[in-house]
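J.: Got a file for you: coords.cif, mmCIF, N, CA and C atoms.
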data_my_file
loop_
_atom_site.label_atom_id
_atom_site.label_comp_id
_atom_site.auth_asym_id
_atom_site.auth_seq_id
_atom_site.Cartn_x
_atom_site.Cartn_y
_atom_site.Cartn_z
N MET A 1 -47.72 67.89 170.81
CA MET A 1 -46.61 67.12 171.31
C MET A 1 -47.00 66.49 172.65
N PRO A 2 -46.73 65.23 172.81
CA PRO A 2 -47.21 64.51 173.99
C PRO A 2 -46.75 65.07 175.33
N ILE A 3 -45.56 65.63 175.41
CA ILE A 3 -45.09 66.08 176.71
C ILE A 3 -45.84 67.33 177.16
N ARG A 4 -46.43 68.07 176.25
CA ARG A 4 -47.18 69.28 176.60
C ARG A 4 -48.28 68.99 177.61
N ALA A 5 -48.88 67.84 177.53
CA ALA A 5 -49.96 67.49 178.45
C ALA A 5 -49.46 67.41 179.89
N HIS A 6 -48.16 67.23 180.07
CA HIS A 6 -47.59 67.08 181.40
C HIS A 6 -46.96 68.37 181.94
N LEU A 7 -46.95 69.40 181.12
CA LEU A 7 -46.40 70.69 181.56
C LEU A 7 -47.45 71.45 182.34
N ALA A 8 -47.06 71.94 183.50
CA ALA A 8 -47.96 72.75 184.31
C ALA A 8 -48.19 74.08 183.59
N ASP A 9 -49.29 74.72 183.88
CA ASP A 9 -49.62 75.97 183.23
C ASP A 9 -48.51 77.01 183.35
N GLY A 10 -47.82 77.01 184.47
CA GLY A 10 -46.77 77.99 184.70
C GLY A 10 -45.42 77.61 184.13
N ALA A 11 -45.29 76.43 183.56
CA ALA A 11 -44.00 76.00 183.03
C ALA A 11 -43.69 76.76 181.75
N ALA A 12 -42.58 77.44 181.75
CA ALA A 12 -42.20 78.25 180.59
C ALA A 12 -40.96 77.66 179.94
N PHE A 13 -41.15 77.09 178.76
CA PHE A 13 -40.04 76.57 177.97
C PHE A 13 -40.20 77.12 176.56
N GLU A 14 -39.10 77.38 175.92
CA GLU A 14 -39.15 77.82 174.53
C GLU A 14 -39.52 76.63 173.64
N ALA A 15 -39.96 76.93 172.44
CA ALA A 15 -40.41 75.89 171.51
C ALA A 15 -39.32 74.85 171.26
N GLU A 16 -38.08 75.28 171.12
CA GLU A 16 -36.98 74.35 170.88
C GLU A 16 -36.80 73.38 172.05
N ALA A 17 -36.93 73.88 173.26
CA ALA A 17 -36.81 73.03 174.45
C ALA A 17 -37.95 72.02 174.50
N ILE A 18 -39.14 72.45 174.16
CA ILE A 18 -40.30 71.53 174.17
C ILE A 18 -40.12 70.45 173.12
N ARG A 19 -39.59 70.82 171.96
CA ARG A 19 -39.32 69.80 170.92
C ARG A 19 -38.30 68.78 171.43
N ALA A 20 -37.24 69.26 172.07
CA ALA A 20 -36.21 68.35 172.60
C ALA A 20 -36.79 67.45 173.67
N MET A 21 -37.59 68.01 174.57
CA MET A 21 -38.20 67.21 175.63
C MET A 21 -39.18 66.20 175.05
N SER A 22 -39.93 66.59 174.03
CA SER A 22 -40.87 65.67 173.40
C SER A 22 -40.15 64.50 172.72
N THR A 23 -39.05 64.82 172.04
CA THR A 23 -38.25 63.76 171.41
C THR A 23 -37.70 62.81 172.46
N ALA A 24 -37.13 63.36 173.51
CA ALA A 24 -36.59 62.52 174.59
C ALA A 24 -37.68 61.68 175.22
N PHE A 25 -38.85 62.26 175.42
CA PHE A 25 -39.99 61.56 176.01
C PHE A 25 -40.40 60.36 175.17
N GLU A 26 -40.57 60.58 173.88
CA GLU A 26 -41.00 59.49 172.99
C GLU A 26 -39.94 58.39 172.92
N LEU A 27 -38.67 58.77 172.82
CA LEU A 27 -37.60 57.77 172.76
C LEU A 27 -37.49 56.98 174.06
N ALA A 28 -37.58 57.68 175.18
CA ALA A 28 -37.48 57.01 176.48
C ALA A 28 -38.65 56.06 176.69
N CYS A 29 -39.85 56.50 176.35
CA CYS A 29 -41.02 55.62 176.49
C CYS A 29 -40.87 54.38 175.61
N ALA A 30 -40.38 54.56 174.40
CA ALA A 30 -40.19 53.41 173.51
C ALA A 30 -39.13 52.46 174.07
N ASP A 31 -38.00 52.99 174.51
CA ASP A 31 -36.92 52.15 175.05
C ASP A 31 -37.36 51.39 176.30
N LEU A 32 -38.16 52.05 177.12
CA LEU A 32 -38.61 51.44 178.37
C LEU A 32 -39.92 50.68 178.23
N GLN A 33 -40.42 50.61 177.02
CA GLN A 33 -41.67 49.92 176.69
C GLN A 33 -42.84 50.43 177.53
N ILE A 34 -42.94 51.75 177.58
CA ILE A 34 -44.06 52.41 178.25
C ILE A 34 -44.95 52.94 177.14
N TYR A 35 -46.07 52.29 176.95
CA TYR A 35 -46.93 52.58 175.81
C TYR A 35 -48.05 53.54 176.19
N ALA A 36 -48.78 53.99 175.18
CA ALA A 36 -49.82 55.01 175.34
C ALA A 36 -50.83 54.68 176.44
N GLY A 37 -51.15 53.44 176.64
CA GLY A 37 -52.13 53.06 177.65
C GLY A 37 -51.62 53.16 179.08
N ASP A 38 -50.32 53.28 179.27
CA ASP A 38 -49.73 53.36 180.60
C ASP A 38 -49.56 54.83 180.98
N GLN A 39 -50.66 55.45 181.34
CA GLN A 39 -50.64 56.88 181.66
C GLN A 39 -49.74 57.20 182.84
N ARG A 40 -49.75 56.37 183.85
CA ARG A 40 -48.91 56.62 185.03
C ARG A 40 -47.43 56.54 184.68
N GLY A 41 -47.05 55.52 183.92
CA GLY A 41 -45.67 55.38 183.50
C GLY A 41 -45.21 56.55 182.64
N ARG A 42 -46.07 56.99 181.73
CA ARG A 42 -45.74 58.12 180.87
C ARG A 42 -45.64 59.41 181.68
N GLU A 43 -46.48 59.54 182.68
CA GLU A 43 -46.43 60.72 183.55
C GLU A 43 -45.10 60.77 184.32
N ILE A 44 -44.66 59.63 184.80
CA ILE A 44 -43.39 59.57 185.54
C ILE A 44 -42.23 59.97 184.63
N ILE A 45 -42.20 59.43 183.42
CA ILE A 45 -41.12 59.76 182.48
C ILE A 45 -41.17 61.24 182.12
N ALA A 46 -42.35 61.75 181.81
CA ALA A 46 -42.48 63.17 181.45
C ALA A 46 -42.05 64.08 182.59
N THR A 47 -42.47 63.75 183.80
CA THR A 47 -42.11 64.57 184.96
C THR A 47 -40.61 64.61 185.16
N ARG A 48 -39.96 63.47 185.00
CA ARG A 48 -38.51 63.42 185.18
C ARG A 48 -37.80 64.24 184.10
N ILE A 49 -38.25 64.12 182.86
CA ILE A 49 -37.66 64.90 181.77
C ILE A 49 -37.82 66.39 182.03
N ILE A 50 -39.00 66.79 182.45
CA ILE A 50 -39.26 68.20 182.75
C ILE A 50 -38.37 68.68 183.89
N ASP A 51 -38.22 67.88 184.92
CA ASP A 51 -37.36 68.26 186.05
C ASP A 51 -35.90 68.46 185.60
N ILE A 52 -35.42 67.54 184.79
CA ILE A 52 -34.04 67.64 184.31
C ILE A 52 -33.90 68.89 183.43
N ALA A 53 -34.87 69.14 182.57
CA ALA A 53 -34.83 70.30 181.69
C ALA A 53 -34.86 71.60 182.49
N ARG A 54 -35.62 71.63 183.56
CA ARG A 54 -35.66 72.83 184.41
C ARG A 54 -34.29 73.13 185.01
N ASN A 55 -33.48 72.10 185.17
CA ASN A 55 -32.14 72.28 185.72
C ASN A 55 -31.10 72.57 184.65
N GLY A 56 -31.55 72.79 183.41
CA GLY A 56 -30.65 73.26 182.36
C GLY A 56 -30.30 72.30 181.25
N THR A 57 -30.66 71.05 181.35
CA THR A 57 -30.35 70.10 180.27
C THR A 57 -31.50 70.13 179.27
N ILE A 58 -31.21 70.60 178.06
CA ILE A 58 -32.25 70.74 177.05
C ILE A 58 -31.98 69.84 175.84
N ASP A 59 -30.86 69.21 175.76
CA ASP A 59 -30.51 68.35 174.64
C ASP A 59 -31.32 67.06 174.68
N ALA A 60 -32.00 66.73 173.58
CA ALA A 60 -32.88 65.56 173.53
C ALA A 60 -32.12 64.27 173.83
N ALA A 61 -30.94 64.10 173.25
CA ALA A 61 -30.17 62.87 173.46
C ALA A 61 -29.75 62.74 174.93
N ALA A 62 -29.33 63.84 175.52
CA ALA A 62 -28.90 63.80 176.93
C ALA A 62 -30.08 63.51 177.85
N LEU A 63 -31.21 64.13 177.58
CA LEU A 63 -32.42 63.87 178.39
C LEU A 63 -32.83 62.41 178.29
N HIS A 64 -32.88 61.92 177.06
CA HIS A 64 -33.28 60.53 176.80
C HIS A 64 -32.34 59.56 177.52
N LYS A 65 -31.05 59.75 177.34
CA LYS A 65 -30.05 58.85 177.93
C LYS A 65 -30.15 58.85 179.45
N ARG A 66 -30.29 60.02 180.03
CA ARG A 66 -30.33 60.11 181.50
C ARG A 66 -31.58 59.46 182.07
N VAL A 67 -32.73 59.70 181.47
CA VAL A 67 -33.98 59.14 182.00
C VAL A 67 -33.98 57.62 181.86
N VAL A 68 -33.50 57.11 180.76
CA VAL A 68 -33.45 55.64 180.58
C VAL A 68 -32.47 55.04 181.58
N ALA A 69 -31.31 55.66 181.74
CA ALA A 69 -30.31 55.14 182.70
C ALA A 69 -30.88 55.14 184.13
N GLU A 70 -31.54 56.20 184.52
CA GLU A 70 -32.14 56.28 185.85
C GLU A 70 -33.20 55.20 186.05
N ALA A 71 -34.01 54.99 185.02
CA ALA A 71 -35.08 53.99 185.12
C ALA A 71 -34.50 52.58 185.25
N LEU A 72 -33.45 52.31 184.51
CA LEU A 72 -32.86 50.97 184.57
C LEU A 72 -32.15 50.71 185.87
N VAL A 73 -31.60 51.73 186.50
CA VAL A 73 -30.94 51.59 187.79
C VAL A 73 -31.98 51.30 188.89
N SER A 74 -33.15 51.92 188.75
CA SER A 74 -34.17 51.77 189.80
C SER A 74 -34.96 50.47 189.70
N VAL A 75 -34.74 49.69 188.66
CA VAL A 75 -35.50 48.44 188.49
C VAL A 75 -34.96 47.36 189.36
#
Let me see the file written as structure tokens.
T.:
Amino acid sequence: MPIRAHLADGAAFEAEAIRAMSTAFELACADLQIYAGDQRGREIIATRIIDIARNGTIDAAALHKRVVAEALVSV
């Protein structure tokens, strides 16, 4: 799963949470047109998703919606 590459060694998430974060990551990258070659952009999206998940939001749709909304506001 692509988001795994962005998880620090000490990051502990259950498999279900990682699946949700991975889904949100892929959807957010697609919506924001951040493609595989844009490693920095993908790192930013993954980091934000992980941060939000650490604060208790594990739902893929909620993660996706929040990250896309935040990115569009900052543009």
J.: Please identify all polymer residues within 7 Å of stretch 20-35 of chain A, counting only C-alpha atoms, omitting same-chain residues fewer than 5 positions from it, and present them as a PyMOL selection string.
T.: chain A and resi 1-3+41-42+45-46+49+58-61+63-64+67-68
J.: Do you have the atom CA of A:Ala53-atom CA of A:Ala36 distance handy?
T.: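 Between atom CA of A:Ala53 and atom CA of A:Ala36 the gap is 22.3 Å.
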J.: Quick one: distance from atom CA of A:Ile52 to atom N of A:Gln39 in Å, one decimal?
T.: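 Interatomic distance, atom CA of A:Ile52 to atom N of A:Gln39: 20.8 Å.
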J.: Looking only at the backbone, which of the residues in chain A does DSSP tag as helix (DSSP H, G or I), as a VMD selection string?
T.: chain A and resid 2 to 6 15 to 31 39 to 54 60 to 74
J.: One decimal, in Å: what's the spacing between atom CA of A:Leu72 and atom C of A:Ala17?
T.: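 That distance, rounded to one decimal, is 23.9 Å.
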